[in-house]
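S.K.: Let me begin by handing over the structure; questions about it come next.
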Amino acid sequence: MEHDQFKFIFKMAAVQGGMVDAKDELDIKSEPPSDGFGNSNANDGRLLSSSPGAGTGGTATGNNKPAPGPPEEQQTLLAVLQFLKKSKLAESAEILRREAGLPEDALDPKGTDASGSGPGLAAGSGQVDGVDASSLLSRVTVSSSAAAQAPKKAGEDQPDVSVVLSAYSQQGDPSLYDAYYSGLKRFIESVLDCHRAELSQLFYPLFVHMYLELVYNNNESVAKAFFEKFSGDQECYYEQDLRILSSLTKKEHMKGNETLLDFRTSKFVLRISRDSYQLLKRHLQERQNNQIWNIIQEHLYIDIFDGMPRSKSQIDAMSGSLAGEARREANKAKVFYGLLKEPEIELPLDDEDEEAENEEGKPKKKKPKKDSMGSKSKKQDPNAPLQTRIPLPELKDSDKLDKIMYMKESTKRIRLGSDNLPSICFYTFLNAYQGLTAVDVTDDSSLIAGGFADSTVRVWSVTPKKLRKVKSAADLNLIDKESDDVLERIMDEKTASELKILYGHSGPVYGISFSPDRNYLLSSSEDGTIRLWSLQTFTCLVGYKGHNYPVWDTQFSPYGYYFVSGGHDRVARLWATDHYQPLRIFAGHLADITCTRFHPNSNYVATGSSDRTIRLWDVLNGNCVRIFTGHKGPIHALAFSPNGKFLASGATDGRVLLWDIGHGLMVGELKGHTDTIYSLRFSRDGEILASGSMDNTVRLWDAMKAFDDLETDDFTAATGHIHLQDNSQELLLGTYMTKSTPVLHLHFTRRNLLLAAGAYNP
Amino acid sequence: MAADREERRFAEVSRDSVKLMAESAGLELGDEVAALLAEDVCYRLREAAQSSAQFMRHAKRKKLTVDDFNKALRWSNVEAICGYGAQDAMLFRSVKEGELFFVEDRDINLIELALATNIPKGCAETMVRANVAYLDGKGNVGPQGTVPAAVQSLSDDLLKYYQQITRAILGEDPHLMKVALQDLQSNSKIAALLPYFVYVISGVKSVSHDLEQLNRLLHMVKSLVQNPYLYLGSYVRSLVSSVMYCILEPLAASINPLNDHWTLRDYAALLLSHIFWTHGDLVSGLYRQILLSLQKVLSDPVRPLCSHYGAVVGLHALGWKAVERVLFPHLPAYWANLQAVLDDYSVSNAQVKADGHKVYGAILVAVERLLKMKALSLPQPAEGCSSSQPGCLAGPMGYRVSSPGLSPPPEPLAEAGLGIASHLQAGGAGCQWEEWSPVPLPAMYSELYSFFGDSLAVRFSTEQSFGGFSPCTPSHFRETRKEPLGHVSNPDTTRKMPQLTANLNISPRQDGSPRTDPPPPSLAATGSVRSLARSSMQRSRASSSRSGQRSIGLSRDVFPKARFTSPHSGPPTFSFVIGGRQMGRRCQGRRPFQTIFVPTPPPPVVLPRVYTHKLPVIGRVCKPLRRWTRSHYSLHLPL
């Protein structure tokens, strides 16, 4: 268990520092050894320390390479073997050895010693085997990170096993930390302006790591002084993390602290130009400042690029995430963002007559119709994935009918624009004392569902058509199955009501999603389950278990059948309604997954997280294909543009960011909201972006303009350096206040009327 | 101790508290242990507080509740704290002696509670209510209470209201109609009915034989347009199209010369300008479209004269710029056709010719105002002209009064009924929107003078001193309707009134009573100018040669002649010639028209004086006039 592992690491550090702590040694001996890998972070089963285990991460990404790679990797494998052996997991060790193709004698500690070399080893030679192994591990880590400048594989953003096992070792005099840091600070402040902004990025990760080292090595008072002195220098958007950090003053606290784990398990990524980096390197070498250099080597990943150093504003736009910026390679994979070809469905002709009968006063909208026909006949989008890339369910007759309805409705769609804003219909939940936590509206806007903190899910019909259950099995037997209106006959008229309440969860319902065909409803809850409800019988059909921790969000695929969920366990899972186990596990986020969205073509899934990043995952192979950084707070809203090209995200920082999926770039920033954005939605044709927030407003943004003004030259695309102009005010088309009602959900009807929903909060 | 030195960043549990709690559990703790425990407890509390925040965020609240904290505790394998689940804030009480704070936890007498008679009401059912903010094109939220029909289904009350209103407006009782129109104009809750009313109004095409119904429908338009609570939106287009129908189409009602469709056209033109000035911004390109369709009608020689008349009054109502832009460039081409009509003295042409005179008059009024406004818009208005006497002699409205009996049906034309829709087709294929450049005032004047001769000169100069002519606003509209009698009694104000309507009141007097205003003193002077100008005019001369044929009422010749005589005979003679010549016989016949005329809403268009003179002559040809009674006309009483 993590606990034990900690002890080891601790022990090792003590050995290296020459301060042998008898108590810890005792711990090692008294506690039963166990495998430290499966649930590396589950400290006594506590939620607070949960994180994607190395095992689950590996399943999804295929990160565990069986073949021994470069020497460092082999070292790592040896270390793991060592550990397994020490833990008396002979069988596992044997399997690993076989799979990795390591020689038999690899299990011999002497052999390991021979293969590795370093000062730490000598110090640990008198200790028990476990300590030996740990010290080896630490050395392995150092040596591997020394080579970190070499370009890494795209898939390697997952926490490396060696990094997980690494720890803070005492490497210098605690009293000098202050001097080190202020020395670097002086240096950075003295360099040319163009380099200063870039090198300033170093402050925060260095600060955090130095502080943690101090805390780890029981220098509480020094750490506090250090924190007091330098925490004010950090960028304001790290305030939240700093607050958590400041509460952490004892080594014992570090166990199972999420933030700490995030820092230890992932390298903070910085993008620095080659010139700036050279400058830093020269300075550190001149000063013999090994302490800082080691931290940079061990815990930071510096992504060096050639060319002009970036400006402060450019850096600020992209930073803010828990683990720094995304590596450039992480966003290089090809994404098929185009839409799938819609099946050809012939529109019945009677539609035409209806149009003609339209009374004279109503202006006829011919344009949208023409356009929709035009897009129908279009050839396959070059950016679209293969139609069969992800197997999609066959269209049923009822689906076809619905598609026809949809097409009919879209001919009556209002063409929105900056001079033609949609009217807004607000569905206010009254008397929601139990707490409204999630809302969803069906695509045809006929049903609205609310998830409540009292574990219930309530479904309302917003049309005069009431909700009816299917008759009981006994009654169904009596029905003439050949009759034309059999679908009508199976409904039990006695059960007709406006509202149906679904009971089943045992915790607040945080996520809710209607299936596209309106037959099912998904709900995800704090109780760790996702439930599938039938809207024919209004009963629960399936409970999907797997997350084990609160599930913050879930959503159906636009084609039905699949759904995605994400929660506190930091992984997103892809499910199919007829499988009780997930089909894919998307692991990589460093904190809770707060929201999940399907791409319109159903081939990708976007997840927003408390680690302030957004990731895009390929459903086909589970790979992470995009990492978007730039938000300064947990992300609570995501929306794909209808053409699949763009993504909008909203966070607790009150900003909406726009992303170009194909290029993997931030393309816009919409400032205006003053509180968390809980809902984002593009209009049906993508002209307007609506955002709903905790600040009780709905804001409408000119999405057309935001995306039209883009010029993505090759340079920008290659380097990822963005220049955002601050044109939020131009793009903001309107702000509409509610009466003390946070806006939890937004939805555009098929005719482009905007629906919003929230609970009145007096 | 470390704890003592630490600044108070976070809430802390003191060592003493820990010791106390330990004691209550029967344990004895050392100072050091207590300090360590206290510190750890503090940290765990902070940790739990931080993790509870995410439950708050996901519950989409701003307030951290006990429930959130309990969830955080639960997921950290700590037992939840029971008993504090209430949503209300907890009350802390302090005990001064011990500096102790505690949550108040009063004893509850269960027996009392159980036997209490005031049973509290249960929580109200959770429900969903829809509120709609209707945004107009500019993103403004519509005023409270407006509900577009698209969203609101008609309630029974509304439906009943709709039926009652339409029945009243189209029914027999004029008083009821008045009330209904008044309500339509001020009711704030009829937004949902707007499409229905618009639909009813679009029925003008089906009642084109019934002047009265047309008139009522137009009044309905006016009421809707004036209702401040209605957002017409794209319905403006439909309303305009209905109004345009009344202005331009050769209505079935105009087949009968007795029908006063001219008044209807004038009223509709007025309404059009009103709609345009108040709601024109709702539909982009509306002005252009209207101008285009008017231009199309005007340039179509096949259309009957009453359509042309409608186009001219329509342009006039839209303002002098519209006249300058459309009518003026078309005038040379159009004049030839009109001339032909006017110069045909055959008996069979009498009706058409009468119509022609109407058009002539309308054009004259329109171009006069154009000249006037053009002159006023110049930095230095011609001072000399302003001294001229107002042309109060003109009886501008008389033409309309007499017209019903006088206008014969236009000869049936194959292409006449192109249908209303053709008017509003943007950029109609037939008439392009030609490039237009303003003509300087002198050039314009001389060109117009070549058409109208002296009649133009008089009217132009007389109204020089008047202020900017505003298109008829509704208020003006109402005002003038109420005031005509006042004008009659006060000739002086009449003369100074900038509105052309002022002239209207005088004309009947002029015709029917000896109390006619004195002729303009400066007439002689202007007359000389005119005669000079006239010499350049081929047309005038030609027509004057035929002046002998009085028997048929050669309107055109009468004027030049009258004008010629005026310089010689002096002002009194002039009035005599005009009034007296026709007075003797026509007096009776005109009576009804006078009475009709007063209540009729005056259009912005003013009939040229010239035209008035001819009316009796034309009227003579057409006898049935006498059959008209007041009651017929009273149907057109405006509200």
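Labels for the structure tokens follow display order: chains A, B, ..., residues from 1 in each chain, ligands from 1.
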With a distance cut-off of 6 Å and only C-alpha atoms, select the neighbouring residues of B:Leu270, excluding the residue or stretch itself and same-chain residues fewer than 3 positions from it, and output the selection as a PyMOL selection string.
M.R.: chain B and resi 267+273+317
S.K.: Could I get the residues of chain B with an atom no further than 6 Å from an atom of chain A, each paired with its nearest atom pair and that distance in Å to one decimal, using only C-alpha atoms, sorted by chain and residue number, as JSON lines?
M.R.:
{"residue": "B:Ala59", "atom": "CA", "partner": "A:Thr437", "partner_atom": "CA", "distance": 4.8}
{"residue": "B:Trp75", "atom": "CA", "partner": "A:Leu47", "partner_atom": "CA", "distance": 5.1}
{"residue": "B:Ser76", "atom": "CA", "partner": "A:Arg46", "partner_atom": "CA", "distance": 4.7}
{"residue": "B:Thr126", "atom": "CA", "partner": "A:Asn431", "partner_atom": "CA", "distance": 4.8}
{"residue": "B:Met127", "atom": "CA", "partner": "A:Leu430", "partner_atom": "CA", "distance": 5.3}
{"residue": "B:Val128", "atom": "CA", "partner": "A:Phe429", "partner_atom": "CA", "distance": 4.5}
{"residue": "B:Arg129", "atom": "CA", "partner": "A:Thr428", "partner_atom": "CA", "distance": 5.1}
{"residue": "B:Ala130", "atom": "CA", "partner": "A:Tyr427", "partner_atom": "CA", "distance": 4.3}
{"residue": "B:Asn131", "atom": "CA", "partner": "A:Phe426", "partner_atom": "CA", "distance": 5.0}
{"residue": "B:Val132", "atom": "CA", "partner": "A:Cys425", "partner_atom": "CA", "distance": 4.1}
{"residue": "B:Ala133", "atom": "CA", "partner": "A:Ile424", "partner_atom": "CA", "distance": 5.1}
{"residue": "B:Tyr134", "atom": "CA", "partner": "A:Ser423", "partner_atom": "CA", "distance": 4.6}
{"residue": "B:Leu135", "atom": "CA", "partner": "A:Ser423", "partner_atom": "CA", "distance": 4.8}
{"residue": "B:Gly137", "atom": "CA", "partner": "A:Asn420", "partner_atom": "CA", "distance": 4.5}
{"residue": "B:Lys138", "atom": "CA", "partner": "A:Asp419", "partner_atom": "CA", "distance": 5.5}
{"residue": "B:Gly139", "atom": "CA", "partner": "A:Leu421", "partner_atom": "CA", "distance": 5.6}
{"residue": "B:Tyr235", "atom": "CA", "partner": "A:Gly361", "partner_atom": "CA", "distance": 5.5}
{"residue": "B:Ser238", "atom": "CA", "partner": "A:Gly361", "partner_atom": "CA", "distance": 5.1}
S.K.: Find the residues near stretch 222-229 of chain B: any atom within 8 Å, counting only C-alpha atoms, skip ones fewer than 5 places away on the same chain, and give them as JSON, numbers by chain.
M.R.: {"B": [143, 146, 181, 182, 184, 185, 186, 187, 188, 189, 191, 271, 275]}
S.K.: Create the file for the chosen residues now, containing N, CA, C and O atoms and written as an mmCIF file, in the first residue's frame.
M.R.:
data_model
loop_
_atom_site.group_PDB
_atom_site.id
_atom_site.type_symbol
_atom_site.label_atom_id
_atom_site.label_comp_id
_atom_site.auth_asym_id
_atom_site.auth_seq_id
_atom_site.Cartn_x
_atom_site.Cartn_y
_atom_site.Cartn_z
ATOM 1 N N PRO B 143 -40.478 44.355 -23.584
ATOM 2 C CA PRO B 143 -41.130 44.816 -22.362
ATOM 3 C C PRO B 143 -41.945 43.703 -21.724
ATOM 4 O O PRO B 143 -42.386 42.789 -22.406
ATOM 5 N N THR B 146 -45.183 41.213 -23.051
ATOM 6 C CA THR B 146 -45.340 40.897 -24.463
ATOM 7 C C THR B 146 -44.993 39.433 -24.678
ATOM 8 O O THR B 146 -43.965 38.963 -24.224
ATOM 9 N N LEU B 181 -61.653 49.755 -31.834
ATOM 10 C CA LEU B 181 -60.383 50.265 -32.338
ATOM 11 C C LEU B 181 -59.594 50.946 -31.233
ATOM 12 O O LEU B 181 -58.372 50.831 -31.159
ATOM 13 N N GLN B 182 -60.334 51.631 -30.386
ATOM 14 C CA GLN B 182 -59.667 52.305 -29.267
ATOM 15 C C GLN B 182 -58.960 51.278 -28.392
ATOM 16 O O GLN B 182 -57.822 51.470 -27.968
ATOM 17 N N LEU B 184 -58.002 48.276 -29.228
ATOM 18 C CA LEU B 184 -56.916 47.650 -29.979
ATOM 19 C C LEU B 184 -55.662 48.514 -29.925
ATOM 20 O O LEU B 184 -54.541 48.028 -29.988
ATOM 21 N N GLN B 185 -55.906 49.775 -29.780
ATOM 22 C CA GLN B 185 -54.812 50.728 -29.791
ATOM 23 C C GLN B 185 -54.103 50.798 -28.450
ATOM 24 O O GLN B 185 -52.960 51.221 -28.373
ATOM 25 N N SER B 186 -54.791 50.378 -27.401
ATOM 26 C CA SER B 186 -54.208 50.575 -26.071
ATOM 27 C C SER B 186 -54.057 49.286 -25.277
ATOM 28 O O SER B 186 -53.472 49.291 -24.198
ATOM 29 N N ASN B 187 -54.585 48.185 -25.785
ATOM 30 C CA ASN B 187 -54.518 46.950 -25.005
ATOM 31 C C ASN B 187 -53.093 46.395 -24.991
ATOM 32 O O ASN B 187 -52.450 46.272 -26.025
ATOM 33 N N SER B 188 -52.630 46.057 -23.808
ATOM 34 C CA SER B 188 -51.234 45.620 -23.703
ATOM 35 C C SER B 188 -51.096 44.104 -23.773
ATOM 36 O O SER B 188 -50.006 43.568 -23.735
ATOM 37 N N LYS B 189 -52.196 43.400 -23.849
ATOM 38 C CA LYS B 189 -52.094 41.943 -23.712
ATOM 39 C C LYS B 189 -52.470 41.201 -24.980
ATOM 40 O O LYS B 189 -52.801 40.023 -24.941
ATOM 41 N N ALA B 191 -50.575 40.753 -27.665
ATOM 42 C CA ALA B 191 -49.455 40.386 -28.530
ATOM 43 C C ALA B 191 -49.690 39.037 -29.194
ATOM 44 O O ALA B 191 -49.363 38.829 -30.360
ATOM 45 N N LEU B 271 -51.212 56.297 -43.723
ATOM 46 C CA LEU B 271 -50.917 55.191 -42.823
ATOM 47 C C LEU B 271 -49.554 54.579 -43.153
ATOM 48 O O LEU B 271 -48.766 54.242 -42.272
ATOM 49 N N ILE B 275 -46.582 54.111 -40.625
ATOM 50 C CA ILE B 275 -45.927 52.834 -40.314
ATOM 51 C C ILE B 275 -44.443 52.942 -40.577
ATOM 52 O O ILE B 275 -43.608 52.524 -39.783
#
S.K.: Which residues are near A:Ser319? Cut-off 10 Å, only C-alpha atoms, ignore same chain within fewer than 2 positions. Put them as a count of residues only.
M.R.: 25
S.K.: So that I can check the secondary structure, give me every residue of stretch 400-437 of chain A assigned strand (DSSP E) by backbone DSSP, as a VMD selection string.
M.R.: chain A and resid 424 to 430 436 to 437
S.K.: Please produce a file of the residues just selected, as a PDB file, in the first residue's frame, where the atoms kept are N, CA and C atoms.
M.R.:
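This is the output file out_22.pdb:
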ATOM      1  N   ILE A 424     -35.017  33.868 -24.932  1.00  0.00           N
ATOM      2  CA  ILE A 424     -34.577  32.905 -23.922  1.00  0.00           C
ATOM      3  C   ILE A 424     -35.767  32.483 -23.090  1.00  0.00           C
ATOM      4  N   CYS A 425     -35.951  31.195 -23.009  1.00  0.00           N
ATOM      5  CA  CYS A 425     -36.998  30.667 -22.143  1.00  0.00           C
ATOM      6  C   CYS A 425     -36.316  30.057 -20.930  1.00  0.00           C
ATOM      7  N   PHE A 426     -36.653  30.541 -19.770  1.00  0.00           N
ATOM      8  CA  PHE A 426     -35.979  30.063 -18.565  1.00  0.00           C
ATOM      9  C   PHE A 426     -36.900  29.141 -17.783  1.00  0.00           C
ATOM     10  N   TYR A 427     -36.428  27.934 -17.565  1.00  0.00           N
ATOM     11  CA  TYR A 427     -37.182  26.997 -16.730  1.00  0.00           C
ATOM     12  C   TYR A 427     -36.656  27.115 -15.310  1.00  0.00           C
ATOM     13  N   THR A 428     -37.448  27.696 -14.468  1.00  0.00           N
ATOM     14  CA  THR A 428     -37.037  27.887 -13.081  1.00  0.00           C
ATOM     15  C   THR A 428     -37.582  26.747 -12.235  1.00  0.00           C
ATOM     16  N   PHE A 429     -36.699  26.108 -11.504  1.00  0.00           N
ATOM     17  CA  PHE A 429     -37.136  25.071 -10.573  1.00  0.00           C
ATOM     18  C   PHE A 429     -37.501  25.773  -9.272  1.00  0.00           C
ATOM     19  N   LEU A 430     -38.758  25.681  -8.927  1.00  0.00           N
ATOM     20  CA  LEU A 430     -39.206  26.332  -7.701  1.00  0.00           C
ATOM     21  C   LEU A 430     -39.298  25.290  -6.589  1.00  0.00           C
ATOM     22  N   LEU A 436     -30.955  21.461  -6.333  1.00  0.00           N
ATOM     23  CA  LEU A 436     -30.874  21.005  -7.722  1.00  0.00           C
ATOM     24  C   LEU A 436     -29.398  20.932  -8.100  1.00  0.00           C
ATOM     25  N   THR A 437     -28.976  19.786  -8.584  1.00  0.00           N
ATOM     26  CA  THR A 437     -27.556  19.630  -8.869  1.00  0.00           C
ATOM     27  C   THR A 437     -27.263  19.424 -10.352  1.00  0.00           C
TER      28      THR A 437
END
S.K.: I'd like to know which residues of stretch 2-214 of chain B are alpha helix (DSSP H) (by DSSP, run on the backbone); could you write them as JSON, numbers by chain?
M.R.: {"B": [2, 3, 4, 5, 15, 16, 17, 18, 19, 20, 21, 22, 23, 24, 31, 32, 33, 34, 35, 36, 37, 38, 39, 40, 41, 42, 43, 44, 45, 46, 47, 48, 49, 50, 51, 52, 53, 54, 55, 56, 57, 58, 66, 67, 68, 69, 70, 71, 72, 73, 74, 75, 110, 111, 112, 113, 114, 115, 156, 157, 158, 159, 160, 161, 162, 163, 164, 165, 166, 167, 168, 169, 170, 174, 175, 176, 177, 178, 179, 180, 181, 182, 183, 184, 185, 186, 194, 195, 196, 197, 198, 199, 200, 201, 211, 212, 213, 214]}
